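For reference, entry-v4.pdb is printed below; it contains PDB, C-alpha atoms.
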```
ATOM      1  CA  MET J 667      85.999  91.737 107.675
ATOM      2  CA  HIS J 668      87.807  90.147 104.746
ATOM      3  CA  ARG J 669      87.196  93.130 102.479
ATOM      4  CA  GLU J 670      88.278  95.544 105.185
ATOM      5  CA  SER J 671      91.568  93.633 105.490
ATOM      6  CA  VAL J 672      92.027  93.784 101.711
ATOM      7  CA  LEU J 673      91.446  97.542 101.692
ATOM      8  CA  ILE J 674      93.952  98.052 104.508
ATOM      9  CA  LEU J 675      96.534  95.940 102.654
ATOM     10  CA  LEU J 676      95.980  97.905  99.443
ATOM     11  CA  LEU J 677      96.394 101.223 101.251
ATOM     12  CA  LEU J 678      99.626  99.973 102.806
ATOM     13  CA  MET J 679     100.984  98.856  99.420
ATOM     14  CA  ILE J 680     100.046 102.196  97.861
ATOM     15  CA  SER J 681     101.839 104.078 100.627
ATOM     16  CA  VAL J 682     104.997 101.992 100.209
ATOM     17  CA  LEU J 683     105.009 102.425  96.421
ATOM     18  CA  LEU J 684     104.464 106.189  96.596
ATOM     19  CA  LEU J 685     107.137 106.558  99.258
ATOM     20  CA  GLY J 686     109.525 104.502  97.129
ATOM     21  CA  PHE J 687     108.806 106.618  94.061
ATOM     22  CA  GLY J 688     109.302 109.857  95.996
ATOM     23  CA  SER J 689     112.608 108.690  97.450
ATOM     24  CA  LEU J 690     113.846 107.508  94.052
ATOM     25  CA  ALA J 691     112.794 110.744  92.354
ATOM     26  CA  GLU J 692     114.747 112.724  94.946
ATOM     27  CA  GLU J 693     117.843 110.575  94.362
ATOM     28  CA  VAL J 694     117.543 111.004  90.604
ATOM     29  CA  LEU J 695     117.170 114.778  90.864
ATOM     30  CA  GLU J 696     120.315 114.901  92.996
ATOM     31  CA  ARG J 697     122.083 112.575  90.501
ATOM     32  CA  ASP J 698     122.944 110.084  93.231
ATOM     33  CA  THR J 699     121.866 107.128  91.072
ATOM     34  CA  ALA J 700     124.149 107.852  88.101
ATOM     35  CA  LYS J 701     126.843 105.279  88.893
ATOM     36  CA  LEU J 702     124.345 102.543  89.708
ATOM     37  CA  ASP J 703     122.389 103.226  86.522
ATOM     38  CA  GLN J 704     125.513 103.132  84.385
ATOM     39  CA  HIS J 705     126.680  99.903  86.020
ATOM     40  CA  ILE J 706     123.358  98.130  85.403
ATOM     41  CA  VAL J 707     123.172  99.299  81.786
ATOM     42  CA  ALA J 708     126.718  97.973  81.244
ATOM     43  CA  LEU J 709     125.546  94.515  82.362
ATOM     44  CA  PHE J 710     123.448  94.308  79.187
ATOM     45  CA  ARG J 711     126.392  95.185  76.906
ATOM     46  CA  ASP J 712     129.219  93.145  75.440
ATOM     47  CA  PRO J 713     132.301  93.965  77.597
ATOM     48  CA  ALA J 714     134.516  93.786  74.491
ATOM     49  CA  ASP J 715     132.238  96.181  72.577
ATOM     50  CA  PRO J 716     129.837  98.260  74.734
ATOM     51  CA  SER J 717     127.941  99.344  71.605
ATOM     52  CA  ARG J 718     126.679  95.761  71.177
ATOM     53  CA  PRO J 719     123.971  94.141  73.347
ATOM     54  CA  LEU J 720     124.516  90.823  75.049
ATOM     55  CA  GLY J 721     122.766  87.727  73.786
ATOM     56  CA  PRO J 722     122.051  86.058  70.459
ATOM     57  CA  ALA J 723     121.434  88.063  67.306
ATOM     58  CA  TRP J 724     117.644  87.638  67.514
ATOM     59  CA  LEU J 725     117.345  89.043  71.055
ATOM     60  CA  PRO J 726     117.367  92.789  70.214
ATOM     61  CA  ASP J 727     114.514  92.257  67.741
ATOM     62  CA  ALA J 728     112.613  90.256  70.357
ATOM     63  CA  MET J 729     113.116  93.041  72.885
ATOM     64  CA  ARG J 730     111.845  95.607  70.393
ATOM     65  CA  ASP J 731     108.737  93.460  69.961
ATOM     66  CA  LEU J 732     108.262  93.322  73.723
ATOM     67  CA  THR J 733     108.796  97.056  74.172
ATOM     68  CA  SER J 734     106.113  97.752  71.562
ATOM     69  CA  LEU J 735     103.587  96.297  74.021
ATOM     70  CA  GLY J 736     104.105  99.484  76.036
ATOM     71  CA  SER J 737     103.891 101.856  73.072
ATOM     72  CA  THR J 738     101.176 104.485  72.878
ATOM     73  CA  LEU J 739      99.507 102.831  69.886
ATOM     74  CA  VAL J 740      99.396  99.315  71.377
ATOM     75  CA  LEU J 741      98.258 100.527  74.804
ATOM     76  CA  ALA J 742      95.577 102.662  73.165
ATOM     77  CA  LEU J 743      94.321  99.605  71.265
ATOM     78  CA  ILE J 744      94.306  97.492  74.432
ATOM     79  CA  PHE J 745      92.514 100.300  76.263
ATOM     80  CA  VAL J 746      89.770 100.474  73.630
ATOM     81  CA  LEU J 747      89.292  96.693  73.554
ATOM     82  CA  ALA J 748      89.145  96.407  77.356
ATOM     83  CA  LEU J 749      86.792  99.373  77.570
ATOM     84  CA  ALA J 750      84.545  97.768  74.956
ATOM     85  CA  TYR J 751      84.431  94.567  77.032
ATOM     86  CA  LEU J 752      83.366  96.472  80.156
ATOM     87  CA  ILE J 753      80.666  98.347  78.215
ATOM     88  CA  ILE J 754      79.338  95.196  76.508
ATOM     89  CA  ALA J 755      79.327  93.411  79.876
ATOM     90  CA  ARG J 756      77.322  96.377  81.228
ATOM     91  CA  LYS J 757      80.009  97.262  83.744
ATOM     92  CA  ARG J 758      79.482 100.967  83.080
ATOM     93  CA  ALA J 759      80.821 102.272  86.372
ATOM     94  CA  ALA J 760      83.926 100.090  86.004
ATOM     95  CA  ALA J 761      84.336 101.392  82.445
ATOM     96  CA  LEU J 762      84.263 104.987  83.680
ATOM     97  CA  LEU J 763      86.747 104.221  86.430
ATOM     98  CA  PHE J 764      89.024 102.435  83.946
ATOM     99  CA  THR J 765      88.947 105.395  81.567
ATOM    100  CA  THR J 766      89.803 107.797  84.386
ATOM    101  CA  ALA J 767      92.673 105.565  85.528
ATOM    102  CA  VAL J 768      94.327 105.266  82.119
ATOM    103  CA  LEU J 769      93.930 108.903  81.107
ATOM    104  CA  GLY J 770      95.056 110.042  84.548
ATOM    105  CA  GLY J 771      98.159 107.866  84.299
ATOM    106  CA  GLN J 772      98.994 109.329  80.907
ATOM    107  CA  ALA J 773      98.658 112.853  82.278
ATOM    108  CA  MET J 774     100.920 112.071  85.264
ATOM    109  CA  SER J 775     103.610 110.528  83.070
ATOM    110  CA  THR J 776     103.674 113.503  80.712
ATOM    111  CA  MET J 777     103.738 116.027  83.560
ATOM    112  CA  LEU J 778     106.577 114.295  85.410
ATOM    113  CA  LYS J 779     108.723 114.055  82.279
ATOM    114  CA  LEU J 780     108.335 117.797  81.758
ATOM    115  CA  ILE J 781     109.192 118.546  85.400
ATOM    116  CA  VAL J 782     112.235 116.283  85.801
ATOM    117  CA  GLU J 783     113.624 116.580  82.226
ATOM    118  CA  ARG J 784     116.205 113.828  82.725
ATOM    119  CA  PRO J 785     118.341 113.109  79.640
ATOM    120  CA  ARG J 786     118.203 109.678  78.048
ATOM    121  CA  PRO J 787     121.174 107.300  78.133
ATOM    122  CA  PRO J 788     123.524 107.558  75.123
ATOM    123  CA  LEU J 789     121.453 105.718  72.526
ATOM    124  CA  PRO J 790     123.173 102.930  70.519
ATOM    125  CA  ASP J 791     122.535 102.725  66.786
ATOM    126  CA  TRP J 792     120.242  99.711  67.130
ATOM    127  CA  ALA J 793     117.988 101.324  69.785
ATOM    128  CA  PRO J 794     114.539 102.708  68.935
ATOM    129  CA  ARG J 795     114.448 106.451  68.349
ATOM    130  CA  VAL J 796     113.007 108.473  71.256
ATOM    131  CA  VAL J 797     112.514 112.205  71.766
ATOM    132  CA  THR J 798     110.898 112.570  75.189
ATOM    133  CA  ALA J 799     112.625 112.931  78.564
ATOM    134  CA  SER J 800     113.790 109.848  80.434
ATOM    135  CA  PHE J 801     112.231 109.983  83.934
ATOM    136  CA  PRO J 802     110.001 108.191  84.616
ATOM    137  CA  SER J 803     109.837 105.556  81.885
ATOM    138  CA  GLY J 804     106.562 106.214  80.099
ATOM    139  CA  HIS J 805     106.446 102.674  78.696
ATOM    140  CA  SER J 806     106.923 101.184  82.169
ATOM    141  CA  MET J 807     104.524 103.511  83.927
ATOM    142  CA  LEU J 808     101.747 103.366  81.344
ATOM    143  CA  SER J 809     102.115  99.594  81.010
ATOM    144  CA  ALA J 810     101.676  99.307  84.769
ATOM    145  CA  VAL J 811      98.740 101.711  84.719
ATOM    146  CA  THR J 812      97.004 100.025  81.783
ATOM    147  CA  PHE J 813      97.755  96.357  82.390
ATOM    148  CA  LEU J 814      97.435  96.430  86.178
ATOM    149  CA  THR J 815      94.294  98.561  86.067
ATOM    150  CA  ILE J 816      92.757  96.160  83.568
ATOM    151  CA  GLY J 817      93.812  93.209  85.704
ATOM    152  CA  ALA J 818      92.534  94.835  88.893
ATOM    153  CA  LEU J 819      89.200  95.939  87.452
ATOM    154  CA  LEU J 820      88.576  92.611  85.728
ATOM    155  CA  ALA J 821      89.430  90.851  88.980
ATOM    156  CA  SER J 822      87.087  93.134  90.915
ATOM    157  CA  VAL J 823      84.118  92.192  88.682
ATOM    158  CA  GLU J 824      85.004  88.480  88.364
ATOM    159  CA  ALA J 825      83.525  85.994  90.838
ATOM    160  CA  ARG J 826      85.911  83.076  90.196
ATOM    161  CA  ARG J 827      89.155  83.145  92.187
ATOM    162  CA  ALA J 828      91.244  81.374  89.524
ATOM    163  CA  LEU J 829      90.368  84.011  86.936
ATOM    164  CA  ARG J 830      91.075  86.853  89.362
ATOM    165  CA  VAL J 831      94.553  85.468  89.996
ATOM    166  CA  TYR J 832      95.092  84.912  86.269
ATOM    167  CA  PHE J 833      94.196  88.518  85.393
ATOM    168  CA  VAL J 834      96.621  89.948  87.960
ATOM    169  CA  VAL J 835      99.515  87.581  87.117
ATOM    170  CA  VAL J 836      99.273  88.291  83.379
ATOM    171  CA  ALA J 837      99.163  92.038  84.055
ATOM    172  CA  LEU J 838     102.266  91.841  86.251
ATOM    173  CA  LEU J 839     104.158  89.723  83.713
ATOM    174  CA  LEU J 840     103.459  92.108  80.828
ATOM    175  CA  THR J 841     104.435  95.120  82.955
ATOM    176  CA  VAL J 842     107.763  93.571  83.989
ATOM    177  CA  LEU J 843     108.660  92.451  80.458
ATOM    178  CA  VAL J 844     108.033  95.895  78.979
ATOM    179  CA  GLY J 845     110.168  97.588  81.637
ATOM    180  CA  MET J 846     113.057  95.140  81.236
ATOM    181  CA  SER J 847     113.027  95.633  77.479
ATOM    182  CA  ARG J 848     113.522  99.393  77.932
ATOM    183  CA  VAL J 849     116.739  98.869  79.904
ATOM    184  CA  TYR J 850     118.037  96.196  77.525
ATOM    185  CA  LEU J 851     117.445  98.444  74.508
ATOM    186  CA  GLY J 852     119.308 101.273  76.231
ATOM    187  CA  VAL J 853     116.511 103.840  75.939
ATOM    188  CA  HIS J 854     116.044 104.226  79.693
ATOM    189  CA  TRP J 855     118.104 104.183  82.847
ATOM    190  CA  PRO J 856     117.089 101.388  85.247
ATOM    191  CA  THR J 857     115.855 103.903  87.829
ATOM    192  CA  ASP J 858     113.511 105.360  85.177
ATOM    193  CA  VAL J 859     111.910 101.947  84.822
ATOM    194  CA  VAL J 860     111.688 101.259  88.556
ATOM    195  CA  ALA J 861     110.104 104.677  89.092
ATOM    196  CA  GLY J 862     107.606 103.987  86.311
ATOM    197  CA  TRP J 863     106.724 100.634  87.830
ATOM    198  CA  ALA J 864     106.300 102.130  91.312
ATOM    199  CA  LEU J 865     104.098 105.068  90.335
ATOM    200  CA  GLY J 866     102.110 103.136  87.742
ATOM    201  CA  SER J 867     101.467 100.291  90.184
ATOM    202  CA  ALA J 868     100.463 102.744  92.919
ATOM    203  CA  TRP J 869      97.993 104.452  90.587
ATOM    204  CA  ALA J 870      96.522 101.100  89.496
ATOM    205  CA  LEU J 871      96.139 100.052  93.139
ATOM    206  CA  ILE J 872      94.498 103.371  93.970
ATOM    207  CA  CYS J 873      91.948 102.714  91.230
ATOM    208  CA  TRP J 874      91.435  99.155  92.470
ATOM    209  CA  THR J 875      90.898 100.441  96.012
ATOM    210  CA  ILE J 876      88.323 102.954  94.770
ATOM    211  CA  ALA J 877      86.582 100.203  92.788
ATOM    212  CA  LEU J 878      86.338  97.953  95.858
ATOM    213  CA  TRP J 879      85.159 100.846  98.022
ATOM    214  CA  LEU J 880      82.464 101.815  95.507
ATOM    215  CA  GLN J 881      81.528  98.171  95.021
ATOM    216  CA  ARG J 882      80.733  97.844  98.723
ATOM    217  CA  ARG J 883      78.352 100.781  98.367
ATOM    218  CA  GLY J 884      76.675  99.438  95.249
ATOM    219  CA  LYS J 885      78.189 102.087  92.948
ATOM    220  CA  VAL J 886      80.258  99.584  90.954
ATOM    221  CA  GLU J 887      78.787  96.363  89.607
ATOM    222  CA  PRO J 888      79.466  93.301  91.804
ATOM    223  CA  PRO J 889      81.287  90.173  90.547
ATOM    224  CA  GLY J 890      79.495  87.788  88.228
TER
END
```
Encoded form (structure tokens):
Amino acid sequence: MHRESVLILLLLMISVLLLGFGSLAEEVLERDTAKLDQHIVALFRDPADPSRPLGPAWLPDAMRDLTSLGSTLVLALIFVLALAYLIIARKRAAALLFTTAVLGGQAMSTMLKLIVERPRPPLPDWAPRVVTASFPSGHSMLSAVTFLTIGALLASVEARRALRVYFVVVALLLTVLVGMSRVYLGVHWPTDVVAGWALGSAWALICWTIALWLQRRGKVEPPG
């Protein structure tokens, strides 16, 4: 009964996240979020000189370090290391599901950027150079996909409750920090980041739901 309640809760969360992403995407396509986006971006700028970020001199460098956690290279390294753990631990079905989740998330992000083709915010001189479209934020979405999928899959094969909670909390923290850094650095509109979080989280939860469903049928290795 407990697992059935968990599955129902996960399906409800997935539905809410997908509905939120769809509604936000529609608003973005109709350009109804432009004023809100511009207002939020301005909150991270010096009112006397909008070309300068708020905060101490070291903060932009710190934000660039944080945003690198969502870069393709870093996420690819994390993916390989996590995949190696699952293989070494003989969680082969979980490893296959994890691979499908991450590669599927990458494909969705690329496809949506090509479809929406939203321009980036005007980039300040100190911002990282970017060439892809803005919606959704690839860093935010792929961080959510990678970190939350890792957290969810590790939690699904871990017997101890404290470690399950730890995996999920760390995954959420890393996902939020990466997304916030994108807005601070001025390389994404806030709605790009929120959309990336929503779709990436929904995809991670879908994979977690599949893992739990397969686990009940003995197709995915049980905890411990």
> Nearest to Pro788 in chain J among J:Ala750, J:Val707, J:Ala742, J:Leu732, with distances taken over all atoms listed in the file: which residue is it?
Replying inline: J:Val707
>> Assuming the chain letters and numbering stay as they are in my file, what does the PyMOL selection byres ((chain J and resi 686-697) around 8) actually select? List them as an MDAnalysis selection string.
In response: chainID J and resid 682:685 698:700 782 857 861 864:865
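Between Phe764 in chain J and the candidates J:Ser806, J:Thr812, J:Ser737, J:Thr776, the tightest atom-to-atom separation, counting only C-alpha atoms, involves J:Thr812.
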>> Running the PyMOL selection byres ((chain J and resi 873-883) around 12) on this model by hand, what would come out? Give it as a PyMOL selection string.
In response: chain J and resi 668-680+757+759-768+770-771+811-812+814-823+834+866-872+884-889
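Comparing the minimum interatomic distances between Gly721 in chain J and each of J:Leu739, J:Met807, J:Leu851, J:Val842, counting all atoms listed in the file, we find that J:Leu851 sits nearest.
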> What's the 12 Å shell around His854 in chain J, counting only C-alpha atoms, without same-chain residues fewer than 6 positions away, as a ChimeraX atom specification?
Replying inline: /J:703-704,706-707,733,784-790,793-806,844-848,860-862
For the residues in that selection, give me C-alpha atoms as a tab-separated table (two decimals), in the frame of the given file.
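again_35.tsv was written with the following content:
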```tsv
chain	number	residue	atom	x	y	z
J	703	ASP	CA	122.39	103.23	86.52
J	704	GLN	CA	125.51	103.13	84.38
J	706	ILE	CA	123.36	98.13	85.40
J	707	VAL	CA	123.17	99.30	81.79
J	733	THR	CA	108.80	97.06	74.17
J	784	ARG	CA	116.20	113.83	82.72
J	785	PRO	CA	118.34	113.11	79.64
J	786	ARG	CA	118.20	109.68	78.05
J	787	PRO	CA	121.17	107.30	78.13
J	788	PRO	CA	123.52	107.56	75.12
J	789	LEU	CA	121.45	105.72	72.53
J	790	PRO	CA	123.17	102.93	70.52
J	793	ALA	CA	117.99	101.32	69.78
J	794	PRO	CA	114.54	102.71	68.94
J	795	ARG	CA	114.45	106.45	68.35
J	796	VAL	CA	113.01	108.47	71.26
J	797	VAL	CA	112.51	112.20	71.77
J	798	THR	CA	110.90	112.57	75.19
J	799	ALA	CA	112.62	112.93	78.56
J	800	SER	CA	113.79	109.85	80.43
J	801	PHE	CA	112.23	109.98	83.93
J	802	PRO	CA	110.00	108.19	84.62
J	803	SER	CA	109.84	105.56	81.89
J	804	GLY	CA	106.56	106.21	80.10
J	805	HIS	CA	106.45	102.67	78.70
J	806	SER	CA	106.92	101.18	82.17
J	844	VAL	CA	108.03	95.90	78.98
J	845	GLY	CA	110.17	97.59	81.64
J	846	MET	CA	113.06	95.14	81.24
J	847	SER	CA	113.03	95.63	77.48
J	848	ARG	CA	113.52	99.39	77.93
J	860	VAL	CA	111.69	101.26	88.56
J	861	ALA	CA	110.10	104.68	89.09
J	862	GLY	CA	107.61	103.99	86.31
```
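Coordinates place CA of Ala810 in chain J at a distance of 28.7 Å from CA of Ala723 in chain J.
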>> As an exercise, work out the distance from CA of Leu769 in chain J to CA of Met729 in chain J in Å and give it to one decimal place.
In response: 26.2 Å
> Closest to Pro726 in chain J among J:Arg827, J:Thr738, J:Ala837, J:Arg711, using only C-alpha atoms?
Replying inline: J:Arg711
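The interatomic distance for the pair CA of Val740 in chain J and CA of Leu778 in chain J works out to 21.7 Å.
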